[in-house]
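Chemist: What follows is data.txt, compact mmCIF, C-alpha atoms.
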# COMPACT_ATOMS: atom_id res chain seq x y z
CA MET S 169 1.44 -61.20 -79.01
CA ILE S 170 -1.93 -59.45 -79.33
CA SER S 171 -2.48 -56.51 -81.69
CA ASP S 172 -6.27 -55.99 -81.42
CA PRO S 173 -7.04 -53.53 -78.56
CA LEU S 174 -10.53 -54.99 -78.02
CA VAL S 175 -9.19 -58.52 -77.61
CA LEU S 176 -6.44 -57.16 -75.38
CA SER S 177 -9.01 -55.40 -73.17
CA ILE S 178 -10.80 -58.72 -72.52
CA VAL S 179 -7.49 -60.42 -71.75
CA ILE S 180 -6.44 -57.60 -69.39
CA ILE S 181 -9.76 -57.74 -67.52
CA PHE S 182 -9.37 -61.50 -67.12
CA ILE S 183 -5.77 -61.12 -65.91
CA MET S 184 -6.82 -58.42 -63.45
CA PHE S 185 -9.46 -60.65 -61.89
CA VAL S 186 -7.01 -63.54 -61.65
CA PHE S 187 -4.60 -61.34 -59.69
CA LEU S 188 -7.35 -59.91 -57.47
CA LEU S 189 -8.84 -63.31 -56.67
CA SER S 190 -5.38 -64.64 -55.80
CA SER S 191 -5.38 -62.40 -52.68
CA ILE S 192 -2.54 -60.21 -53.96
CA TRP S 193 -2.68 -56.60 -52.72
CA ILE S 194 -4.99 -54.52 -54.91
CA GLY S 195 -2.27 -51.98 -55.76
CA VAL S 196 0.13 -54.75 -56.76
CA SER S 197 -2.61 -56.46 -58.79
CA LEU S 198 -3.20 -53.29 -60.80
CA LEU S 199 0.53 -52.78 -61.40
CA LEU S 200 1.02 -56.39 -62.50
CA THR S 201 -2.01 -56.18 -64.81
CA GLY S 202 -0.50 -53.14 -66.53
CA ILE S 203 2.90 -54.82 -66.84
CA VAL S 204 1.43 -57.99 -68.36
CA GLY S 205 -0.67 -55.89 -70.75
CA MET S 206 2.45 -54.11 -71.96
CA LEU S 207 4.33 -57.39 -72.44
CA ILE S 208 1.65 -59.23 -74.45
CA PHE S 209 0.76 -56.36 -76.81
CA ASP S 210 2.30 -56.09 -80.25
CA HIS S 211 3.78 -52.58 -79.98
CA ASN S 212 5.73 -52.24 -83.23
CA LEU S 213 8.18 -50.00 -81.39
CA PRO S 214 11.44 -48.84 -83.06
CA PRO S 215 14.36 -51.21 -82.41
CA VAL S 216 16.13 -48.61 -80.27
CA ILE S 217 13.21 -48.51 -77.82
CA SER S 218 12.37 -51.60 -75.79
CA VAL S 219 9.00 -52.29 -74.18
CA PHE S 220 10.73 -52.14 -70.78
CA ASP S 221 11.93 -48.59 -71.47
CA LYS S 222 8.40 -47.49 -72.31
CA MET S 223 7.02 -49.37 -69.31
CA GLY S 224 9.46 -47.57 -67.02
CA ASP S 225 8.46 -44.19 -68.47
CA LEU S 226 4.76 -44.94 -67.95
CA LEU S 227 5.32 -46.15 -64.39
CA ALA S 228 7.38 -43.11 -63.42
CA SER S 229 4.89 -40.66 -64.93
CA SER S 230 1.89 -42.46 -63.39
CA ILE S 231 3.40 -42.32 -59.89
CA TYR S 232 4.07 -38.60 -60.22
CA ASP S 233 0.81 -37.68 -61.94
CA SER S 234 -1.36 -39.78 -59.59
CA LEU S 235 0.02 -38.45 -56.31
CA ASN S 236 1.14 -34.95 -57.31
CA SER S 237 -2.22 -33.39 -56.49
CA TRP S 238 -2.98 -30.80 -53.84
CA SER S 239 -6.59 -32.02 -53.76
CA LEU S 240 -5.39 -35.44 -52.66
CA ALA S 241 -3.97 -33.86 -49.50
CA ALA S 242 -7.55 -33.58 -48.23
CA LEU S 243 -7.83 -37.36 -48.08
CA PRO S 244 -5.68 -38.10 -44.99
CA MET S 245 -7.07 -35.03 -43.23
CA PHE S 246 -10.68 -36.18 -43.59
CA ILE S 247 -9.66 -39.70 -42.55
CA LEU S 248 -7.96 -38.29 -39.44
CA MET S 249 -11.02 -36.19 -38.59
CA GLY S 250 -13.24 -39.27 -38.80
CA GLU S 251 -10.83 -41.33 -36.70
CA ILE S 252 -10.76 -38.71 -33.91
CA LEU S 253 -14.56 -38.49 -33.85
CA TYR S 254 -14.85 -42.27 -33.94
CA LYS S 255 -12.43 -42.94 -31.09
CA SER S 256 -13.66 -40.14 -28.82
CA SER S 257 -17.07 -39.89 -27.12
CA ILE S 258 -18.39 -37.37 -29.65
CA SER S 259 -20.19 -40.03 -31.67
CA THR S 260 -22.00 -41.27 -28.56
CA LYS S 261 -23.16 -37.75 -27.72
CA LEU S 262 -24.38 -37.35 -31.29
CA LEU S 263 -26.70 -40.33 -30.93
CA ASN S 264 -27.90 -39.39 -27.46
CA GLY S 265 -28.74 -35.92 -28.74
CA LEU S 266 -30.88 -37.31 -31.57
CA MET S 267 -33.00 -39.69 -29.49
CA PRO S 268 -35.51 -37.22 -27.97
CA TRP S 269 -36.25 -35.54 -31.30
CA LEU S 270 -37.13 -38.82 -33.06
CA SER S 271 -39.60 -40.09 -30.45
CA PHE S 272 -42.65 -38.54 -32.21
CA ILE S 273 -42.08 -40.04 -35.69
CA PRO S 274 -43.61 -43.40 -36.76
CA GLY S 275 -40.81 -45.88 -36.24
CA LYS S 276 -39.41 -43.67 -33.49
CA LEU S 277 -35.86 -44.67 -32.55
CA LEU S 278 -35.48 -46.84 -35.65
CA HIS S 279 -34.79 -43.53 -37.42
CA VAL S 280 -31.75 -43.04 -35.20
CA ASN S 281 -29.61 -45.11 -37.60
CA VAL S 282 -30.62 -42.93 -40.57
CA ALA S 283 -30.27 -39.61 -38.75
CA ALA S 284 -27.06 -40.51 -36.91
CA CYS S 285 -25.42 -41.96 -40.03
CA SER S 286 -26.39 -38.87 -42.05
CA LEU S 287 -24.86 -36.53 -39.49
CA PHE S 288 -21.78 -38.65 -38.83
CA ALA S 289 -21.24 -39.07 -42.58
CA ALA S 290 -21.10 -35.30 -42.86
CA VAL S 291 -18.07 -35.18 -40.57
CA SER S 292 -16.28 -38.46 -41.26
CA GLY S 293 -16.43 -39.08 -45.03
CA SER S 294 -16.01 -42.82 -44.44
CA SER S 295 -18.69 -45.46 -44.81
CA ALA S 296 -16.82 -47.95 -42.62
CA ALA S 297 -16.33 -45.41 -39.82
CA THR S 298 -19.97 -44.32 -40.05
CA THR S 299 -21.32 -47.88 -39.90
CA ALA S 300 -19.01 -48.99 -37.09
CA THR S 301 -19.52 -45.88 -34.96
CA VAL S 302 -23.30 -45.71 -35.18
CA GLY S 303 -23.74 -49.49 -35.06
CA LYS S 304 -21.77 -49.90 -31.85
CA ILE S 305 -24.05 -47.38 -30.17
CA THR S 306 -27.49 -48.12 -31.65
CA LEU S 307 -27.83 -51.88 -32.11
CA ASP S 308 -27.63 -52.86 -28.45
CA GLU S 309 -29.76 -49.90 -27.41
CA LEU S 310 -32.51 -50.71 -29.92
CA LYS S 311 -32.41 -54.39 -28.97
CA LYS S 312 -32.82 -53.56 -25.26
CA ARG S 313 -35.83 -51.37 -26.02
CA GLY S 314 -37.57 -54.08 -28.04
CA TYR S 315 -37.25 -52.74 -31.58
CA SER S 316 -37.20 -54.99 -34.64
CA LYS S 317 -33.74 -56.51 -34.94
CA SER S 318 -34.10 -57.02 -38.68
CA LEU S 319 -35.14 -53.42 -39.36
CA ALA S 320 -32.39 -52.11 -37.09
CA LEU S 321 -29.72 -54.11 -38.94
CA GLY S 322 -31.07 -53.26 -42.40
CA SER S 323 -31.37 -49.54 -41.72
CA LEU S 324 -27.82 -49.50 -40.33
CA ALA S 325 -26.44 -51.28 -43.40
CA GLY S 326 -28.20 -48.93 -45.78
CA SER S 327 -27.63 -45.70 -43.84
CA GLY S 328 -23.98 -46.53 -43.15
CA THR S 329 -23.23 -46.19 -46.86
CA LEU S 330 -24.22 -42.51 -46.67
CA GLY S 331 -20.62 -41.91 -45.60
CA PHE S 332 -19.73 -42.06 -49.30
CA LEU S 333 -22.55 -39.84 -50.57
CA ILE S 334 -22.98 -37.07 -48.01
CA PRO S 335 -19.92 -34.81 -48.20
CA PRO S 336 -17.12 -34.74 -47.34
CA SER S 337 -16.60 -38.07 -49.09
CA LEU S 338 -13.34 -39.94 -49.63
CA ILE S 339 -14.71 -41.52 -52.82
CA MET S 340 -15.62 -38.09 -54.19
CA ILE S 341 -12.11 -36.82 -53.52
CA ILE S 342 -10.58 -39.80 -55.35
CA TYR S 343 -13.03 -39.45 -58.25
CA GLY S 344 -12.38 -35.72 -58.49
CA VAL S 345 -8.61 -36.25 -58.62
CA LEU S 346 -8.81 -39.00 -61.25
CA SER S 347 -11.46 -37.35 -63.45
CA ASP S 348 -10.36 -33.72 -63.08
CA VAL S 349 -13.82 -32.74 -61.79
CA SER S 350 -14.09 -30.04 -59.12
CA ILE S 351 -14.18 -31.68 -55.69
CA GLY S 352 -16.12 -28.71 -54.31
CA LYS S 353 -18.80 -29.21 -56.98
CA LEU S 354 -18.91 -32.94 -56.24
CA PHE S 355 -19.45 -32.18 -52.55
CA MET S 356 -22.33 -29.84 -53.43
CA ALA S 357 -23.80 -32.33 -55.91
CA GLY S 358 -23.92 -35.08 -53.28
CA ILE S 359 -26.05 -33.19 -50.74
CA ILE S 360 -29.51 -33.46 -52.32
CA PRO S 361 -29.08 -37.10 -53.50
CA GLY S 362 -27.81 -37.97 -50.00
CA LEU S 363 -30.85 -36.38 -48.38
CA LEU S 364 -33.06 -38.09 -50.96
CA LEU S 365 -31.68 -41.50 -50.07
CA ALA S 366 -31.95 -40.86 -46.33
CA THR S 367 -35.57 -39.75 -46.85
CA LEU S 368 -36.38 -42.94 -48.78
CA TYR S 369 -34.98 -45.00 -45.90
CA SER S 370 -37.01 -43.08 -43.31
CA VAL S 371 -40.22 -43.28 -45.35
CA TYR S 372 -39.76 -47.04 -45.67
CA ILE S 373 -39.27 -47.35 -41.91
CA MET S 374 -42.44 -45.30 -41.28
CA ILE S 375 -44.48 -47.45 -43.69
CA VAL S 376 -43.26 -50.71 -42.16
CA SER S 377 -43.93 -49.35 -38.66
CA LYS S 378 -47.50 -48.48 -39.64
CA LEU S 379 -48.14 -51.86 -41.27
CA ASP S 380 -46.45 -53.98 -38.57
CA LYS S 381 -46.89 -52.67 -35.04
CA SER S 382 -44.53 -55.33 -33.66
CA VAL S 383 -41.40 -53.65 -35.06
CA VAL S 384 -41.77 -50.84 -32.52
CA PRO S 385 -42.34 -51.42 -28.77
CA GLN S 386 -45.67 -50.13 -27.51
CA ALA S 387 -44.21 -48.70 -24.30
CA GLU S 388 -41.72 -45.91 -24.94
CA ASP S 389 -39.60 -43.73 -22.71
CA LYS S 390 -41.09 -40.30 -22.13
CA TYR S 391 -38.92 -37.26 -22.71
CA VAL S 392 -39.31 -34.05 -20.76
CA PHE S 393 -38.20 -30.52 -21.61
CA SER S 394 -34.83 -30.95 -19.92
CA ASP S 395 -34.06 -33.92 -22.21
CA PHE S 396 -34.54 -31.73 -25.27
CA SER S 397 -32.44 -28.89 -23.88
CA ASN S 398 -29.67 -31.30 -22.91
CA SER S 399 -29.77 -32.90 -26.36
CA ILE S 400 -29.15 -29.51 -27.96
CA LYS S 401 -25.98 -29.23 -25.89
CA ASP S 402 -24.79 -32.53 -27.38
CA LEU S 403 -25.88 -31.82 -30.95
CA PHE S 404 -24.84 -28.18 -31.32
CA PRO S 405 -21.03 -28.70 -31.29
CA VAL S 406 -21.25 -31.45 -33.92
CA LEU S 407 -23.61 -29.41 -36.11
CA LEU S 408 -21.25 -26.45 -35.74
CA LEU S 409 -18.32 -28.59 -36.95
CA ILE S 410 -20.34 -29.73 -39.98
CA THR S 411 -21.28 -26.12 -40.75
CA VAL S 412 -17.68 -24.92 -40.51
CA VAL S 413 -16.25 -27.70 -42.68
CA LEU S 414 -18.87 -27.74 -45.44
CA GLY S 415 -19.73 -24.04 -45.22
CA SER S 416 -16.11 -23.02 -45.76
CA ILE S 417 -16.04 -25.09 -48.97
CA TYR S 418 -19.38 -23.97 -50.40
CA THR S 419 -18.78 -20.29 -49.72
CA GLY S 420 -15.33 -20.42 -51.29
CA VAL S 421 -13.59 -19.38 -48.08
CA ALA S 422 -11.50 -22.57 -48.03
CA THR S 423 -10.48 -25.31 -50.44
CA PRO S 424 -11.49 -28.89 -49.58
CA THR S 425 -7.96 -29.48 -48.25
CA GLU S 426 -8.06 -26.40 -46.04
CA ALA S 427 -11.56 -27.32 -44.87
CA ALA S 428 -10.32 -30.81 -43.97
CA SER S 429 -7.60 -29.23 -41.84
CA LEU S 430 -10.26 -27.12 -40.12
CA GLY S 431 -12.23 -30.32 -39.56
CA VAL S 432 -9.30 -32.01 -37.84
CA LEU S 433 -8.74 -28.97 -35.63
CA GLY S 434 -12.46 -28.84 -34.85
CA ALA S 435 -12.58 -32.55 -34.01
CA ILE S 436 -9.65 -32.14 -31.59
CA ILE S 437 -11.30 -29.10 -29.97
CA LEU S 438 -14.57 -31.01 -29.57
CA ALA S 439 -12.78 -34.02 -28.10
CA VAL S 440 -11.06 -31.75 -25.57
CA TYR S 441 -14.34 -29.93 -24.85
CA PHE S 442 -16.14 -33.22 -24.16
CA ARG S 443 -13.14 -34.42 -22.10
CA SER S 444 -12.59 -37.46 -24.30
CA PHE S 445 -9.21 -36.55 -25.78
CA SER S 446 -6.01 -38.35 -24.84
CA PHE S 447 -2.57 -39.10 -26.21
CA GLU S 448 -3.60 -42.72 -26.80
CA ILE S 449 -6.65 -41.71 -28.84
CA MET S 450 -4.56 -39.33 -30.97
CA LYS S 451 -1.82 -41.92 -31.49
CA ASN S 452 -4.29 -44.58 -32.64
CA ALA S 453 -6.08 -42.10 -34.87
CA LEU S 454 -2.81 -41.07 -36.53
CA LEU S 455 -1.68 -44.68 -37.02
CA ASN S 456 -4.98 -45.69 -38.59
CA THR S 457 -4.90 -42.59 -40.79
CA ILE S 458 -1.41 -43.45 -42.03
CA LYS S 459 -2.39 -47.05 -42.78
CA THR S 460 -5.53 -46.07 -44.64
CA SER S 461 -3.90 -43.21 -46.57
CA VAL S 462 -0.93 -45.33 -47.70
CA MET S 463 -3.27 -48.13 -48.77
CA ILE S 464 -5.41 -45.76 -50.83
CA SER S 465 -2.34 -44.04 -52.33
CA PHE S 466 -0.88 -47.38 -53.37
CA ILE S 467 -4.15 -48.30 -55.08
CA ILE S 468 -4.26 -44.91 -56.84
CA VAL S 469 -0.69 -45.40 -58.13
CA GLY S 470 -1.56 -48.86 -59.44
CA ALA S 471 -4.72 -47.53 -61.07
CA GLY S 472 -2.79 -44.59 -62.52
CA PHE S 473 -0.26 -46.93 -64.12
CA LEU S 474 -3.03 -49.16 -65.50
CA SER S 475 -4.76 -46.06 -66.85
CA GLN S 476 -1.54 -44.97 -68.59
CA VAL S 477 -1.15 -48.43 -70.11
CA ILE S 478 -4.77 -48.50 -71.29
CA GLY S 479 -4.34 -45.11 -72.92
CA PHE S 480 -0.99 -46.01 -74.50
CA LEU S 481 -2.33 -49.28 -75.95
CA GLY S 482 -5.43 -47.55 -77.34
CA ILE S 483 -7.84 -49.75 -75.36
CA ALA S 484 -10.09 -46.94 -74.11
CA ARG S 485 -10.40 -45.47 -77.58
CA ALA S 486 -11.13 -48.86 -79.13
CA ILE S 487 -13.83 -49.67 -76.55
CA SER S 488 -15.42 -46.25 -76.96
CA GLU S 489 -15.51 -46.63 -80.73
CA TYR S 490 -16.93 -50.16 -80.44
CA ILE S 491 -19.73 -49.13 -78.08
CA THR S 492 -20.52 -46.22 -80.40
CA THR S 493 -21.01 -48.64 -83.28
CA LEU S 494 -23.52 -50.65 -81.21
CA GLY S 495 -25.93 -47.74 -81.35
CA LEU S 496 -26.96 -48.07 -77.70
CA SER S 497 -29.18 -45.36 -76.31
CA PRO S 498 -27.67 -43.38 -73.41
CA MET S 499 -30.13 -45.00 -70.96
CA MET S 500 -29.30 -48.51 -72.18
CA LEU S 501 -25.59 -47.70 -71.86
CA ILE S 502 -25.96 -46.47 -68.28
CA LEU S 503 -28.08 -49.54 -67.46
CA ILE S 504 -25.33 -51.88 -68.70
CA ILE S 505 -22.68 -49.93 -66.81
CA GLY S 506 -24.83 -49.99 -63.66
CA ILE S 507 -25.22 -53.77 -63.85
CA MET S 508 -21.47 -54.08 -64.39
CA TYR S 509 -20.80 -52.06 -61.24
CA ILE S 510 -23.22 -54.15 -59.17
CA ILE S 511 -21.40 -57.30 -60.28
CA LEU S 512 -18.00 -55.73 -59.56
CA GLY S 513 -19.29 -54.70 -56.15
CA MET S 514 -19.72 -58.35 -55.24
CA ILE S 515 -15.98 -58.97 -55.45
CA LEU S 516 -14.25 -55.59 -55.03
CA ASP S 517 -14.24 -52.75 -52.53
CA GLY S 518 -15.49 -49.30 -53.50
CA ILE S 519 -12.15 -47.54 -53.94
CA SER S 520 -10.86 -50.31 -56.20
CA ILE S 521 -14.00 -50.15 -58.33
CA VAL S 522 -13.54 -46.43 -58.92
CA VAL S 523 -9.84 -46.43 -59.72
CA MET S 524 -9.96 -49.60 -61.83
CA THR S 525 -12.92 -48.79 -64.05
CA LEU S 526 -12.74 -45.02 -64.42
CA PRO S 527 -10.00 -44.97 -67.12
CA ILE S 528 -12.18 -47.16 -69.35
CA VAL S 529 -15.70 -46.04 -68.43
CA LEU S 530 -15.36 -42.24 -68.18
CA PRO S 531 -14.43 -41.63 -71.85
CA ILE S 532 -17.42 -43.76 -72.90
CA ILE S 533 -19.75 -41.86 -70.55
CA VAL S 534 -18.59 -38.46 -71.83
CA LEU S 535 -18.92 -39.66 -75.44
CA ALA S 536 -22.52 -40.70 -74.73
CA GLY S 537 -23.30 -37.17 -73.56
CA PHE S 538 -23.41 -37.65 -69.79
CA ASP S 539 -22.11 -34.97 -67.44
CA PRO S 540 -18.91 -36.12 -65.63
CA LEU S 541 -20.19 -34.38 -62.48
CA TRP S 542 -23.44 -36.34 -62.60
CA PHE S 543 -21.56 -39.56 -63.31
CA GLY S 544 -19.45 -38.98 -60.20
CA ILE S 545 -22.58 -39.10 -58.03
CA PHE S 546 -23.89 -42.09 -60.00
CA LEU S 547 -20.59 -43.86 -59.35
CA VAL S 548 -20.79 -43.06 -55.63
CA PHE S 549 -24.21 -44.75 -55.54
CA MET S 550 -22.67 -47.80 -57.20
CA VAL S 551 -19.92 -47.82 -54.59
CA GLU S 552 -22.58 -47.63 -51.87
CA LEU S 553 -24.22 -50.73 -53.31
CA SER S 554 -20.86 -52.52 -53.26
CA GLN S 555 -20.76 -52.04 -49.47
CA ILE S 556 -23.89 -54.15 -48.97
CA THR S 557 -23.47 -56.83 -51.64
CA PRO S 558 -21.91 -60.21 -50.78
CA PRO S 559 -19.34 -61.62 -50.60
CA VAL S 560 -17.11 -58.51 -50.33
CA GLY S 561 -19.52 -56.11 -48.64
CA PHE S 562 -17.45 -54.25 -46.06
CA SER S 563 -20.51 -52.86 -44.27
CA LEU S 564 -21.92 -56.38 -43.96
CA PHE S 565 -18.70 -57.58 -42.33
CA ILE S 566 -18.69 -54.64 -39.93
CA ILE S 567 -22.31 -55.23 -38.92
CA GLN S 568 -21.69 -58.96 -38.50
CA GLY S 569 -18.78 -58.21 -36.19
CA ILE S 570 -20.87 -55.79 -34.14
CA SER S 571 -24.10 -57.80 -33.96
CA GLY S 572 -22.83 -61.39 -34.04
CA GLU S 573 -25.68 -62.31 -36.41
CA LYS S 574 -25.28 -64.71 -39.33
CA ILE S 575 -24.48 -63.09 -42.65
CA GLU S 576 -27.58 -64.66 -44.24
CA TYR S 577 -29.83 -62.91 -41.73
CA ILE S 578 -28.06 -59.57 -42.28
CA LEU S 579 -28.40 -59.93 -46.07
CA LYS S 580 -32.14 -60.57 -45.79
CA ALA S 581 -32.52 -57.51 -43.52
CA THR S 582 -30.47 -55.36 -45.91
CA LEU S 583 -32.31 -56.30 -49.13
CA PRO S 584 -35.09 -53.64 -48.87
CA PHE S 585 -32.51 -50.88 -48.38
CA PHE S 586 -30.46 -52.25 -51.29
CA LEU S 587 -33.57 -51.93 -53.50
CA LEU S 588 -34.26 -48.42 -52.18
CA THR S 589 -30.73 -47.39 -53.16
CA ILE S 590 -31.32 -48.72 -56.67
CA ALA S 591 -34.58 -46.71 -56.74
CA ALA S 592 -32.59 -43.58 -55.85
CA VAL S 593 -30.17 -44.33 -58.73
CA VAL S 594 -33.12 -44.57 -61.13
CA ILE S 595 -34.48 -41.24 -59.85
CA ILE S 596 -31.23 -39.30 -60.34
CA THR S 597 -30.76 -40.93 -63.76
CA TYR S 598 -34.12 -39.75 -65.05
CA PHE S 599 -33.88 -36.44 -63.19
CA PRO S 600 -30.19 -35.42 -63.34
CA GLN S 601 -31.18 -31.92 -62.20
CA ILE S 602 -31.30 -33.36 -58.67
CA VAL S 603 -27.52 -33.73 -58.87
CA GLN S 604 -26.78 -30.62 -60.90
CA PHE S 605 -29.08 -28.09 -59.22
CA LEU S 606 -27.02 -27.21 -56.16
CA PRO S 607 -23.61 -26.83 -57.91
CA ASN S 608 -25.21 -24.67 -60.62
CA TYR S 609 -27.13 -22.62 -58.04
CA MET S 610 -24.09 -22.05 -55.87
CA ILE S 611 -21.99 -20.97 -58.88
CA LYS S 612 -24.56 -18.40 -59.90
Could you quickly redo this structure as structure tokens?

Modeler:
Amino acid sequence: MISDPLVLSIVIIFIMFVFLLSSIWIGVSLLLTGIVGMLIFDHNLPPVISVFDKMGDLLASSIYDSLNSWSLAALPMFILMGEILYKSSISTKLLNGLMPWLSFIPGKLLHVNVAACSLFAAVSGSSAATTATVGKITLDELKKRGYSKSLALGSLAGSGTLGFLIPPSLIMIIYGVLSDVSIGKLFMAGIIPGLLLATLYSVYIMIVSKLDKSVVPQAEDKYVFSDFSNSIKDLFPVLLLITVVLGSIYTGVATPTEAASLGVLGAIILAVYFRSFSFEIMKNALLNTIKTSVMISFIIVGAGFLSQVIGFLGIARAISEYITTLGLSPMMLILIIGIMYIILGMILDGISIVVMTLPIVLPIIVLAGFDPLWFGIFLVFMVELSQITPPVGFSLFIIQGISGEKIEYILKATLPFFLLTIAAVVIITYFPQIVQFLPNYMIK
């Protein structure tokens, strides 16, 4: 039996990784970690109360507290909206509408990945859906036109992660529910950092295009006035959907859940308008939404139980007090936490990283004087990095499946965009006003 909470925290982390690396479901791994932690701790409970009684109470309360949230209802709705857009022809029209407008910028159609991912992220909320949708359309097209394959793959990998940062974001919803931070404020806080990251990607593409003329074909298709007018017809409905969904949240007309419902209705209307809606598409979208929502809910329950156990055993308090005694500066603390998240991103998916670490990390962050709203955006950046770090980088797997390229080649192409994302993290860390400006401005 272990009585020292600090020692127990190390043991629990080790046990958790053993379960995760054994290919057990993530939700089950979190539940089992909490159960083992309860069993090996020296509780000193009264004789009339067994550890199993307390464990049952914690499990029951964690299931209710984790899922009894109206904000969480937005999650399946945003997933369904993204699925409908992904499986209909709307995503294709989005890309086709962007092409004429990017033909005058250095790098030309290489910016399609950045622009298309930014726009699709604003209506899907999913990094995987954003990467898969845009990648299926752009990679072959760019290859046919003679653009740099490496730059096309790298920009897709980096830009695809914008699905987590540009609202509506599934990760932001989960973070808001678990941390009791306003989801509407998180959505607002993610806009400027998302645009910042997209701008860094585009600037890098322009610089590379200027330095290496071979990445862009010399002969380009010419666009006439009719191409621009037709592109507006393709872009306007999607931009209108984005405006309705996000505008209803920011103006206070609708809650995130209500806005997600509007988004689903809008996606269905657009699919019907573009004549790409069918019973089969809706059935597949609903099935995938159910699978994804249940998976995420199961992980949240497991994380909720582990959080209850960590609180009951005093682990979070003990770690917070220990880190306080180290006398680390806030910047050194956030650096250590950032490195920890990058390492975790190599072996875990983004949702798991958030729900597993938040019960331990958030109290430490608040104690160090950081704003929980700012930390939510910081954490989203860390989750983005996890999508493009081997060996468990979901975006890398998606791109490999689409392109057929070797993972080593994709990793090399992605490295510059990985470093640009880290640069964006450094910028928002030293200038937190970038994150806080829009929520504070909108509130006033």

Chemist: For Tyr418 in chain S, which residue out of S:Val376, S:Ala357, S:Ile510, S:Leu319 is the nearest one, using all atoms listed in the file?

Modeler: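 Once distances to Tyr418 in chain S are computed over all atoms listed in the file, the minimum belongs to S:Ala357.
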
Chemist: In Å, with one decimal, what is the gap from CA of Thr299 in chain S to CA of Asp380 in chain S?

Modeler: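 Going from CA of Thr299 in chain S over to CA of Asp380 in chain S covers 25.9 Å.
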
Chemist: Compile the contact shell of range 195-198 of chain S as number ranges by chain: residues with an atom at most 12 Å away, counting only C-alpha atoms, same-chain residues fewer than 4 positions apart removed.

Modeler: S: 180-191, 202-205, 227, 231, 462-478, 519-521, 523-525

Chemist: Between S:Pro335, S:Gly479, S:Pro385, S:Pro274, single out the one closest to Lys312 in chain S, counting all atoms listed in the file.

Modeler: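 Using all atoms listed in the file, the shortest distance to Lys312 in chain S belongs to S:Pro385.
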
Chemist: What is the distance, in Å and to one decimal place, between CA of Thr411 in chain S and CA of Leu266 in chain S?

Modeler: 17.4 Å

Chemist: S:Val392, S:Val383, S:Ile194, S:Ile511: which is nearest Gly275 in chain S, counting all atoms listed in the file?

Modeler: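 So, comparing all the options, the nearest one is S:Val383.
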
Chemist: Quick one: of S:Thr557, S:Leu503, S:Leu226, S:Pro531, who's nearest to Glu489 in chain S, counting all atoms listed in the file?

Modeler: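 Under the stated criterion, the closest residue is S:Pro531.
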
Chemist: Neighbours of Phe538 in chain S within 10 Å (all atoms listed in the file; same-chain residues fewer than 5 positions away dropped), as a ChimeraX atom specification?

Modeler: /S:498,502,530,532-533,543,600
